[in-house]
Each structure stands twice: as C-alpha cells, then as structure tokens.
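Below is the file target_7.csv, which contains CSV, N, CA and C atoms and all ligand atoms.
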chain,number,residue,atom,x,y,z
A,477,MET,N,105.8,117.6,88.4
A,477,MET,CA,105.4,117.2,89.8
A,477,MET,C,103.9,117.0,89.8
A,478,GLU,N,103.1,117.9,89.2
A,478,GLU,CA,101.6,117.8,89.2
A,478,GLU,C,101.2,116.5,88.6
A,479,ASP,N,101.9,116.2,87.4
A,479,ASP,CA,101.6,114.9,86.7
A,479,ASP,C,101.8,113.7,87.6
A,480,GLN,N,102.9,113.7,88.4
A,480,GLN,CA,103.1,112.6,89.3
A,480,GLN,C,102.0,112.4,90.3
A,481,GLN,N,101.5,113.6,90.8
A,481,GLN,CA,100.5,113.5,91.8
A,481,GLN,C,99.2,112.9,91.3
A,482,THR,N,98.9,113.3,90.0
A,482,THR,CA,97.6,112.8,89.5
A,482,THR,C,97.7,111.3,89.1
A,483,THR,N,98.9,110.8,88.9
A,483,THR,CA,99.0,109.4,88.5
A,483,THR,C,99.4,108.6,89.7
A,484,ALA,N,99.5,109.2,90.9
A,484,ALA,CA,100.0,108.4,92.1
A,484,ALA,C,99.0,107.3,92.4
A,485,VAL,N,99.5,106.2,92.8
A,485,VAL,CA,98.7,105.1,93.2
A,485,VAL,C,98.6,105.1,94.8
A,486,SER,N,97.5,104.6,95.2
A,486,SER,CA,97.3,104.5,96.7
A,486,SER,C,98.2,103.4,97.3
A,487,PRO,N,98.5,103.4,98.6
A,487,PRO,CA,99.3,102.4,99.2
A,487,PRO,C,98.6,101.0,99.0
A,488,GLU,N,97.3,101.0,99.1
A,488,GLU,CA,96.6,99.7,98.9
A,488,GLU,C,96.8,99.2,97.5
A,489,GLN,N,96.7,100.1,96.5
A,489,GLN,CA,96.8,99.7,95.1
A,489,GLN,C,98.3,99.2,94.8
A,490,ALA,N,99.2,99.9,95.4
A,490,ALA,CA,100.6,99.5,95.2
A,490,ALA,C,100.9,98.1,95.8
A,491,ALA,N,100.3,97.9,97.0
A,491,ALA,CA,100.5,96.6,97.6
A,491,ALA,C,99.8,95.5,96.8
A,492,ASP,N,98.6,95.8,96.3
A,492,ASP,CA,97.9,94.8,95.4
A,492,ASP,C,98.8,94.5,94.2
A,493,ASP,N,99.3,95.6,93.5
A,493,ASP,CA,100.1,95.4,92.3
A,493,ASP,C,101.3,94.5,92.6
A,494,GLU,N,102.0,94.8,93.7
A,494,GLU,CA,103.2,94.0,94.0
A,494,GLU,C,102.8,92.5,94.3
A,495,LEU,N,101.8,92.3,95.0
A,495,LEU,CA,101.4,90.9,95.3
A,495,LEU,C,100.9,90.2,94.0
A,496,ARG,N,100.1,90.9,93.2
A,496,ARG,CA,99.6,90.4,92.0
A,496,ARG,C,100.8,89.9,91.1
A,497,ALA,N,101.8,90.7,91.1
A,497,ALA,CA,103.0,90.4,90.3
A,497,ALA,C,103.7,89.2,90.8
A,498,ARG,N,103.7,89.0,92.2
A,498,ARG,CA,104.4,87.9,92.8
A,498,ARG,C,103.6,86.6,92.5
A,499,LEU,N,102.3,86.7,92.5
A,499,LEU,CA,101.4,85.6,92.2
A,499,LEU,C,101.6,85.1,90.8
A,500,ARG,N,101.6,86.1,89.9
A,500,ARG,CA,101.8,85.8,88.5
A,500,ARG,C,103.2,85.1,88.3
A,501,GLU,N,104.2,85.6,88.9
A,501,GLU,CA,105.5,85.0,88.8
A,501,GLU,C,105.5,83.5,89.3
A,502,MET,N,104.8,83.2,90.4
A,502,MET,CA,104.7,81.8,90.8
A,502,MET,C,104.0,81.0,89.8
A,503,LEU,N,102.9,81.5,89.2
A,503,LEU,CA,102.2,80.7,88.3
A,503,LEU,C,102.9,80.5,87.0
A,504,GLU,N,103.6,81.6,86.5
A,504,GLU,CA,104.4,81.5,85.3
A,504,GLU,C,105.6,80.6,85.5
A,505,GLY,N,106.1,80.5,86.8
A,505,GLY,CA,107.2,79.7,87.1
A,505,GLY,C,106.9,78.2,87.1
A,506,GLY,N,105.7,77.9,86.9
A,506,GLY,CA,105.4,76.5,86.8
A,506,GLY,C,104.8,75.9,88.0
A,507,LEU,N,104.3,76.7,89.0
A,507,LEU,CA,103.7,76.1,90.2
A,507,LEU,C,102.5,75.2,89.8
A,508,GLN,N,102.6,74.0,90.3
A,508,GLN,CA,101.5,73.0,90.0
A,508,GLN,C,100.3,73.3,90.9
A,509,THR,N,99.2,73.6,90.3
A,509,THR,CA,98.0,73.9,91.1
A,509,THR,C,96.9,72.8,90.9
A,510,GLU,N,96.1,72.6,91.9
A,510,GLU,CA,95.1,71.5,91.8
A,510,GLU,C,93.8,72.0,91.0
A,511,VAL,N,94.0,72.0,89.7
A,511,VAL,CA,92.9,72.5,88.9
A,511,VAL,C,91.7,71.6,88.9
A,512,GLU,N,91.9,70.3,89.2
A,512,GLU,CA,90.8,69.4,89.2
A,512,GLU,C,91.0,68.5,90.5
A,513,PRO,N,89.9,68.0,91.0
A,513,PRO,CA,88.5,68.1,90.5
A,513,PRO,C,88.0,69.5,90.7
A,514,ARG,N,87.2,70.0,89.8
A,514,ARG,CA,86.5,71.3,90.0
A,514,ARG,C,85.6,71.2,91.2
A,515,ALA,N,85.4,72.3,91.8
A,515,ALA,CA,84.5,72.4,93.0
A,515,ALA,C,83.1,72.7,92.6
A,516,TYR,N,82.4,71.7,92.1
A,516,TYR,CA,81.0,72.0,91.6
A,516,TYR,C,80.0,71.6,92.7
A,517,ASP,N,80.3,70.6,93.4
A,517,ASP,CA,79.3,70.1,94.4
A,517,ASP,C,79.7,70.6,95.8
A,518,HIS,N,78.7,70.6,96.7
A,518,HIS,CA,78.8,71.2,98.0
A,518,HIS,C,80.0,70.6,98.8
A,519,GLU,N,80.1,69.2,98.7
A,519,GLU,CA,81.1,68.5,99.4
A,519,GLU,C,82.5,68.9,99.0
A,520,THR,N,82.7,69.0,97.7
A,520,THR,CA,84.1,69.4,97.2
A,520,THR,C,84.4,70.9,97.6
A,521,ILE,N,83.4,71.7,97.5
A,521,ILE,CA,83.6,73.1,97.8
A,521,ILE,C,84.0,73.2,99.3
A,522,GLN,N,83.3,72.5,100.1
A,522,GLN,CA,83.6,72.5,101.6
A,522,GLN,C,85.0,72.0,101.9
A,523,ALA,N,85.4,71.0,101.2
A,523,ALA,CA,86.7,70.3,101.4
A,523,ALA,C,87.8,71.3,101.0
A,524,VAL,N,87.6,72.0,99.9
A,524,VAL,CA,88.6,72.9,99.4
A,524,VAL,C,88.7,74.1,100.3
A,525,VAL,N,87.5,74.6,100.7
A,525,VAL,CA,87.5,75.8,101.6
A,525,VAL,C,88.1,75.5,103.0
A,526,ALA,N,87.8,74.3,103.5
A,526,ALA,CA,88.3,73.9,104.8
A,526,ALA,C,89.9,73.9,104.7
A,527,ARG,N,90.4,73.4,103.6
A,527,ARG,CA,91.9,73.4,103.5
A,527,ARG,C,92.4,74.8,103.5
A,528,LEU,N,91.8,75.7,102.7
A,528,LEU,CA,92.2,77.1,102.6
A,528,LEU,C,92.1,77.8,104.0
A,529,GLN,N,91.1,77.4,104.8
A,529,GLN,CA,91.0,78.1,106.1
A,529,GLN,C,92.1,77.7,107.0
A,530,ARG,N,92.8,76.6,106.8
A,530,ARG,CA,93.8,76.2,107.7
A,530,ARG,C,95.2,76.9,107.4
A,531,LEU,N,95.2,77.7,106.3
A,531,LEU,CA,96.4,78.3,105.8
A,531,LEU,C,96.6,79.7,106.5
A,532,ALA,N,97.8,80.1,106.7
A,532,ALA,CA,98.1,81.5,107.2
A,532,ALA,C,97.7,82.4,106.0
A,533,PRO,N,97.2,83.6,106.4
A,533,PRO,CA,96.7,84.5,105.3
A,533,PRO,C,97.8,84.9,104.3
A,534,ASP,N,99.0,84.8,104.7
A,534,ASP,CA,100.1,85.1,103.7
A,534,ASP,C,100.7,83.9,103.1
A,535,ASP,N,100.1,82.7,103.2
A,535,ASP,CA,100.6,81.5,102.5
A,535,ASP,C,100.1,81.5,101.1
A,536,TYR,N,100.7,82.4,100.3
A,536,TYR,CA,100.1,82.6,98.9
A,536,TYR,C,100.3,81.4,98.1
A,537,GLU,N,101.5,80.7,98.2
A,537,GLU,CA,101.8,79.6,97.3
A,537,GLU,C,100.7,78.5,97.5
A,538,ASN,N,100.4,78.2,98.8
A,538,ASN,CA,99.4,77.1,99.0
A,538,ASN,C,98.0,77.6,98.7
A,539,LYS,N,97.7,78.9,98.8
A,539,LYS,CA,96.4,79.4,98.4
A,539,LYS,C,96.2,79.1,96.9
A,540,LEU,N,97.3,79.4,96.1
A,540,LEU,CA,97.2,79.2,94.6
A,540,LEU,C,97.1,77.8,94.3
A,541,LYS,N,97.8,76.9,95.0
A,541,LYS,CA,97.8,75.5,94.8
A,541,LYS,C,96.4,74.9,95.1
A,542,ILE,N,96.0,75.1,96.3
A,542,ILE,CA,94.7,74.4,96.7
A,542,ILE,C,93.5,74.9,95.9
A,543,ALA,N,93.5,76.2,95.7
A,543,ALA,CA,92.4,76.8,94.9
A,543,ALA,C,92.4,76.4,93.4
A,544,GLY,N,93.6,75.9,93.0
A,544,GLY,CA,93.7,75.5,91.6
A,544,GLY,C,93.7,76.7,90.6
A,545,PHE,N,94.6,77.7,90.9
A,545,PHE,CA,94.7,78.9,90.0
A,545,PHE,C,95.2,78.5,88.7
A,546,THR,N,94.7,79.2,87.7
A,546,THR,CA,95.3,79.2,86.3
A,546,THR,C,95.4,80.7,85.8
A,547,LEU,N,96.3,80.9,84.9
A,547,LEU,CA,96.5,82.3,84.4
A,547,LEU,C,95.5,82.6,83.2
A,548,GLU,N,94.8,81.5,82.8
A,548,GLU,CA,93.8,81.7,81.8
A,548,GLU,C,92.5,81.1,82.2
A,549,PRO,N,91.4,81.6,81.6
A,549,PRO,CA,90.1,81.1,81.9
A,549,PRO,C,90.0,79.6,81.8
A,550,TRP,N,89.3,78.9,82.7
A,550,TRP,CA,89.1,77.5,82.6
A,550,TRP,C,87.8,77.2,81.8
A,551,GLN,N,88.0,76.3,80.8
A,551,GLN,CA,86.8,75.9,80.0
A,551,GLN,C,86.0,74.8,80.7
A,552,GLY,N,84.9,75.2,81.2
A,552,GLY,CA,84.1,74.2,81.9
A,552,GLY,C,83.5,73.2,80.9
A,553,ALA,N,83.1,72.0,81.5
A,553,ALA,CA,82.5,70.9,80.6
A,553,ALA,C,81.2,71.4,80.0
A,554,ASP,N,80.5,72.3,80.6
A,554,ASP,CA,79.3,72.9,80.0
A,554,ASP,C,79.5,74.0,79.1
A,555,ASP,N,80.8,74.2,78.7
A,555,ASP,CA,81.2,75.2,77.7
A,555,ASP,C,81.1,76.6,78.3
A,556,ILE,N,80.9,76.7,79.6
A,556,ILE,CA,81.0,78.1,80.2
A,556,ILE,C,82.4,78.4,80.6
A,557,GLU,N,82.9,79.5,80.1
A,557,GLU,CA,84.2,79.9,80.4
A,557,GLU,C,84.3,80.5,81.9
A,558,GLN,N,85.2,79.9,82.7
A,558,GLN,CA,85.3,80.3,84.0
A,558,GLN,C,86.5,81.2,84.2
A,559,ALA,N,86.2,82.5,84.4
A,559,ALA,CA,87.3,83.5,84.6
A,559,ALA,C,86.9,84.4,85.8
A,560,CYS,N,88.0,84.9,86.5
A,560,CYS,CA,87.7,85.8,87.6
A,560,CYS,C,86.7,86.9,87.3
A,561,GLU,N,86.8,87.5,86.0
A,561,GLU,CA,85.9,88.6,85.7
A,561,GLU,C,84.5,88.3,85.7
A,562,THR,N,84.1,87.0,85.6
A,562,THR,CA,82.7,86.7,85.6
A,562,THR,C,82.3,86.0,86.9
A,563,CYS,N,83.2,86.0,87.9
A,563,CYS,CA,83.0,85.3,89.2
A,563,CYS,C,82.3,86.3,90.2
A,564,MET,N,81.4,85.7,91.0
A,564,MET,CA,80.7,86.6,91.9
A,564,MET,C,81.7,87.2,93.0
A,565,TYR,N,82.8,86.6,93.1
A,565,TYR,CA,83.8,87.1,94.2
A,565,TYR,C,84.7,88.2,93.6
A,566,TYR,N,84.6,88.5,92.4
A,566,TYR,CA,85.6,89.4,91.7
A,566,TYR,C,85.1,90.9,91.9
A,567,VAL,N,86.1,91.7,92.4
A,567,VAL,CA,85.8,93.1,92.6
A,567,VAL,C,86.4,93.8,91.4
A,568,VAL,N,85.6,94.3,90.5
A,568,VAL,CA,86.1,94.8,89.2
A,568,VAL,C,87.1,96.0,89.4
A,569,HIS,N,86.7,97.0,90.2
A,569,HIS,CA,87.5,98.2,90.2
A,569,HIS,C,88.9,98.0,90.9
A,570,ARG,N,88.9,96.9,91.7
A,570,ARG,CA,90.2,96.6,92.4
A,570,ARG,C,91.0,95.4,91.8
A,571,ARG,N,90.4,94.7,90.8
A,571,ARG,CA,90.9,93.5,90.3
A,571,ARG,C,91.3,92.6,91.5
A,572,PHE,N,90.3,92.2,92.3
A,572,PHE,CA,90.6,91.6,93.5
A,572,PHE,C,89.5,90.4,93.8
A,573,CYS,N,90.0,89.3,94.4
A,573,CYS,CA,89.1,88.2,94.7
A,573,CYS,C,88.7,88.4,96.2
A,574,GLU,N,87.4,88.5,96.4
A,574,GLU,CA,87.0,88.8,97.8
A,574,GLU,C,86.4,87.5,98.5
A,575,LEU,N,86.7,86.3,97.9
A,575,LEU,CA,86.4,85.1,98.6
A,575,LEU,C,87.2,85.1,99.9
A,576,PRO,N,86.5,85.1,101.1
A,576,PRO,CA,87.2,85.3,102.4
A,576,PRO,C,88.4,84.4,102.5
A,577,GLU,N,88.4,83.2,102.0
A,577,GLU,CA,89.5,82.3,102.2
A,577,GLU,C,90.7,82.6,101.2
A,578,LEU,N,90.5,83.5,100.2
A,578,LEU,CA,91.5,83.9,99.3
A,578,LEU,C,92.0,85.3,99.5
A,579,MET,N,91.1,86.3,99.3
A,579,MET,CA,91.4,87.7,99.5
A,579,MET,C,92.7,88.0,98.8
A,580,LEU,N,92.7,87.9,97.5
A,580,LEU,CA,94.0,88.1,96.7
A,580,LEU,C,93.7,89.0,95.5
A,581,PRO,N,94.7,89.8,95.1
A,581,PRO,CA,94.7,90.6,93.9
A,581,PRO,C,94.8,89.6,92.7
A,582,VAL,N,94.0,89.7,91.7
A,582,VAL,CA,94.0,88.8,90.6
A,582,VAL,C,93.9,89.6,89.3
A,583,GLU,N,93.8,88.9,88.2
A,583,GLU,CA,93.6,89.5,86.9
A,583,GLU,C,92.2,89.0,86.4
A,584,PRO,N,91.6,89.8,85.5
A,584,PRO,CA,90.3,89.3,85.1
A,584,PRO,C,90.3,88.0,84.3
A,585,GLU,N,91.4,87.6,83.7
A,585,GLU,CA,91.4,86.4,82.9
A,585,GLU,C,91.9,85.2,83.7
A,586,TRP,N,92.3,85.4,85.0
A,586,TRP,CA,92.7,84.3,85.8
A,586,TRP,C,91.5,83.5,86.2
A,587,SER,N,91.7,82.3,86.8
A,587,SER,CA,90.6,81.5,87.2
A,587,SER,C,91.0,80.6,88.4
A,588,CYS,N,90.0,80.1,89.1
A,588,CYS,CA,90.3,79.1,90.1
A,588,CYS,C,89.1,78.1,90.2
A,589,ARG,N,89.3,77.0,90.9
A,589,ARG,CA,88.2,76.0,90.9
A,589,ARG,C,87.0,76.4,91.8
A,590,LEU,N,87.1,77.5,92.5
A,590,LEU,CA,86.0,78.0,93.4
A,590,LEU,C,85.2,79.0,92.6
A,591,TRP,N,85.4,79.2,91.3
A,591,TRP,CA,84.6,80.1,90.5
A,591,TRP,C,83.1,79.9,90.7
A,592,ARG,N,82.4,81.0,90.9
A,592,ARG,CA,81.0,81.0,91.0
A,592,ARG,C,80.4,82.1,90.2
A,593,ILE,N,79.3,81.8,89.6
A,593,ILE,CA,78.6,82.9,88.8
A,593,ILE,C,77.5,83.5,89.6
B,601,LIG,S1,87.0,82.7,93.5
B,601,LIG,FE1,86.5,83.7,91.6
B,601,LIG,S2,87.4,85.7,91.7
B,601,LIG,FE2,88.4,84.4,93.3
B,601,LIG,S3,90.2,83.6,92.3
B,601,LIG,FE3,88.5,82.1,92.0
B,601,LIG,S4,87.6,82.6,90.1
B,601,LIG,FE4,88.8,84.3,90.7
Would you give me this structure, written as structure tokens?
Amino acid sequence: MEDQQTTAVSPEQAADDELRARLREMLEGGLQTEVEPRAYDHETIQAVVARLQRLAPDDYENKLKIAGFTLEPWQGADDIEQACETCMYYVVHRRFCELPELMLPVEPEWSCRLWRI
C-alpha cells in the first residue's frame, strides 16, 4: 500500500496523461495536420492564432490540425530542429504546452508550427 501511495499520480497528471494519449492516438491514426506554411512571420502567426481562438477549448482534433502538430521534431530550413522541448511555451516538469490557444499536454519530441525559441 505504501508503495502505491508514493507512486500515486495527481488528478491533474492523470488527466494530462489521458489526454496526451488521446492526442498521440489521433496523430498516429493519420490525422492530417497543417504543418506548412510554418508560422515564421507576424501575419501567419496571427492568422493561425486567430483560427485557434475560434475553437472550443476541448476541440482537440482541430487544435492539432490548425497548429500543424507532428510526433517528431520539425527540421527548419535554417537547420534548427523545432521540438516542444526547445520551445518557449513548453513546461518541462509537466510536459505541457502553455501557449494560451493550445494549453495541451505534449511530449518533448512533438512539434507544431507555432514553435518559438
Ligand atoms: S507551441 Fe511550442 S510547446 Fe506548444 S505545441 Fe507548439 S512547439 Fe510544442
């Protein structure tokens, strides 16, 4: 029993784990996401963000599509690898994307076109 208590996950962590698994399932299932054009300039960023803002917070499929999620790092034209773990919105201890329009549990090697360093 003591062992179970020490390894218990918090409700927040359990919810994150469950949703992260659902997102992975969608991506592995072949969900087509808008990986390009990348959101490098202000205009494109604003356009992508505006579309995300129109979604319900739990419209996960469209969040993944519009943000252009991939299960692997994106290789930028400048040779910089774009992955959640190097993105300014990534919360390391929670494996979570804190971009207000996304707010999703992710994995360090995942990526999206709103990646920022
Ligand atoms: S904004 Fe950054 S942390 Fe969030 S999903 Fe995209 S690459 Fe990952």
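The residues sitting within 7 Å of ligand LIG 601 (chain B), with only C-alpha atoms and all ligand atoms considered, come out as Phe545, Gln558, Ala559, Cys560, Glu561, Cys563, Met564, Tyr565, Tyr566, Phe572, Cys573, Glu574, Leu575, Leu578, Val582, Trp586, Ser587, Cys588, Arg589, Leu590, Trp591 and Arg592 of chain A.
Distances from A:Ala491, A:Ala526, A:Val485, A:Ile542 to Gln508 in chain A were compared using all atoms listed in the file, and the smallest one belongs to A:Ile542.
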Quick one: DSSP strand (DSSP E or B) residues in chain A, as a ChimeraX atom specification?
/A:546,550-551,557-558,566-567,572-573,580-581,587
Give me every alpha helix (DSSP H) residue in chain A, going by DSSP on the backbone, as a PyMOL selection string.
chain A and resi 478-482+487-504+518-529+536-543
Within 12 Å of (101.6, 93.5, 90.8), in the coordinates the file gives, what residues turn up when you count only C-alpha atoms, written out as a PDB file with N, CA and C atoms, keeping the file's coordinate frame?
ATOM      1  N   GLU A 488      97.300 101.000  99.100  1.00  0.00           N
ATOM      2  CA  GLU A 488      96.600  99.700  98.900  1.00  0.00           C
ATOM      3  C   GLU A 488      96.800  99.200  97.500  1.00  0.00           C
ATOM      4  N   GLN A 489      96.700 100.100  96.500  1.00  0.00           N
ATOM      5  CA  GLN A 489      96.800  99.700  95.100  1.00  0.00           C
ATOM      6  C   GLN A 489      98.300  99.200  94.800  1.00  0.00           C
ATOM      7  N   ALA A 490      99.200  99.900  95.400  1.00  0.00           N
ATOM      8  CA  ALA A 490     100.600  99.500  95.200  1.00  0.00           C
ATOM      9  C   ALA A 490     100.900  98.100  95.800  1.00  0.00           C
ATOM     10  N   ALA A 491     100.300  97.900  97.000  1.00  0.00           N
ATOM     11  CA  ALA A 491     100.500  96.600  97.600  1.00  0.00           C
ATOM     12  C   ALA A 491      99.800  95.500  96.800  1.00  0.00           C
ATOM     13  N   ASP A 492      98.600  95.800  96.300  1.00  0.00           N
ATOM     14  CA  ASP A 492      97.900  94.800  95.400  1.00  0.00           C
ATOM     15  C   ASP A 492      98.800  94.500  94.200  1.00  0.00           C
ATOM     16  N   ASP A 493      99.300  95.600  93.500  1.00  0.00           N
ATOM     17  CA  ASP A 493     100.100  95.400  92.300  1.00  0.00           C
ATOM     18  C   ASP A 493     101.300  94.500  92.600  1.00  0.00           C
ATOM     19  N   GLU A 494     102.000  94.800  93.700  1.00  0.00           N
ATOM     20  CA  GLU A 494     103.200  94.000  94.000  1.00  0.00           C
ATOM     21  C   GLU A 494     102.800  92.500  94.300  1.00  0.00           C
ATOM     22  N   LEU A 495     101.800  92.300  95.000  1.00  0.00           N
ATOM     23  CA  LEU A 495     101.400  90.900  95.300  1.00  0.00           C
ATOM     24  C   LEU A 495     100.900  90.200  94.000  1.00  0.00           C
ATOM     25  N   ARG A 496     100.100  90.900  93.200  1.00  0.00           N
ATOM     26  CA  ARG A 496      99.600  90.400  92.000  1.00  0.00           C
ATOM     27  C   ARG A 496     100.800  89.900  91.100  1.00  0.00           C
ATOM     28  N   ALA A 497     101.800  90.700  91.100  1.00  0.00           N
ATOM     29  CA  ALA A 497     103.000  90.400  90.300  1.00  0.00           C
ATOM     30  C   ALA A 497     103.700  89.200  90.800  1.00  0.00           C
ATOM     31  N   ARG A 498     103.700  89.000  92.200  1.00  0.00           N
ATOM     32  CA  ARG A 498     104.400  87.900  92.800  1.00  0.00           C
ATOM     33  C   ARG A 498     103.600  86.600  92.500  1.00  0.00           C
ATOM     34  N   LEU A 499     102.300  86.700  92.500  1.00  0.00           N
ATOM     35  CA  LEU A 499     101.400  85.600  92.200  1.00  0.00           C
ATOM     36  C   LEU A 499     101.600  85.100  90.800  1.00  0.00           C
ATOM     37  N   ARG A 500     101.600  86.100  89.900  1.00  0.00           N
ATOM     38  CA  ARG A 500     101.800  85.800  88.500  1.00  0.00           C
ATOM     39  C   ARG A 500     103.200  85.100  88.300  1.00  0.00           C
ATOM     40  N   GLU A 501     104.200  85.600  88.900  1.00  0.00           N
ATOM     41  CA  GLU A 501     105.500  85.000  88.800  1.00  0.00           C
ATOM     42  C   GLU A 501     105.500  83.500  89.300  1.00  0.00           C
ATOM     43  N   ARG A 570      88.900  96.900  91.700  1.00  0.00           N
ATOM     44  CA  ARG A 570      90.200  96.600  92.400  1.00  0.00           C
ATOM     45  C   ARG A 570      91.000  95.400  91.800  1.00  0.00           C
ATOM     46  N   ARG A 571      90.400  94.700  90.800  1.00  0.00           N
ATOM     47  CA  ARG A 571      90.900  93.500  90.300  1.00  0.00           C
ATOM     48  C   ARG A 571      91.300  92.600  91.500  1.00  0.00           C
ATOM     49  N   PHE A 572      90.300  92.200  92.300  1.00  0.00           N
ATOM     50  CA  PHE A 572      90.600  91.600  93.500  1.00  0.00           C
ATOM     51  C   PHE A 572      89.500  90.400  93.800  1.00  0.00           C
ATOM     52  N   LEU A 580      92.700  87.900  97.500  1.00  0.00           N
ATOM     53  CA  LEU A 580      94.000  88.100  96.700  1.00  0.00           C
ATOM     54  C   LEU A 580      93.700  89.000  95.500  1.00  0.00           C
ATOM     55  N   PRO A 581      94.700  89.800  95.100  1.00  0.00           N
ATOM     56  CA  PRO A 581      94.700  90.600  93.900  1.00  0.00           C
ATOM     57  C   PRO A 581      94.800  89.600  92.700  1.00  0.00           C
ATOM     58  N   VAL A 582      94.000  89.700  91.700  1.00  0.00           N
ATOM     59  CA  VAL A 582      94.000  88.800  90.600  1.00  0.00           C
ATOM     60  C   VAL A 582      93.900  89.600  89.300  1.00  0.00           C
ATOM     61  N   GLU A 583      93.800  88.900  88.200  1.00  0.00           N
ATOM     62  CA  GLU A 583      93.600  89.500  86.900  1.00  0.00           C
ATOM     63  C   GLU A 583      92.200  89.000  86.400  1.00  0.00           C
TER      64      GLU A 583
END
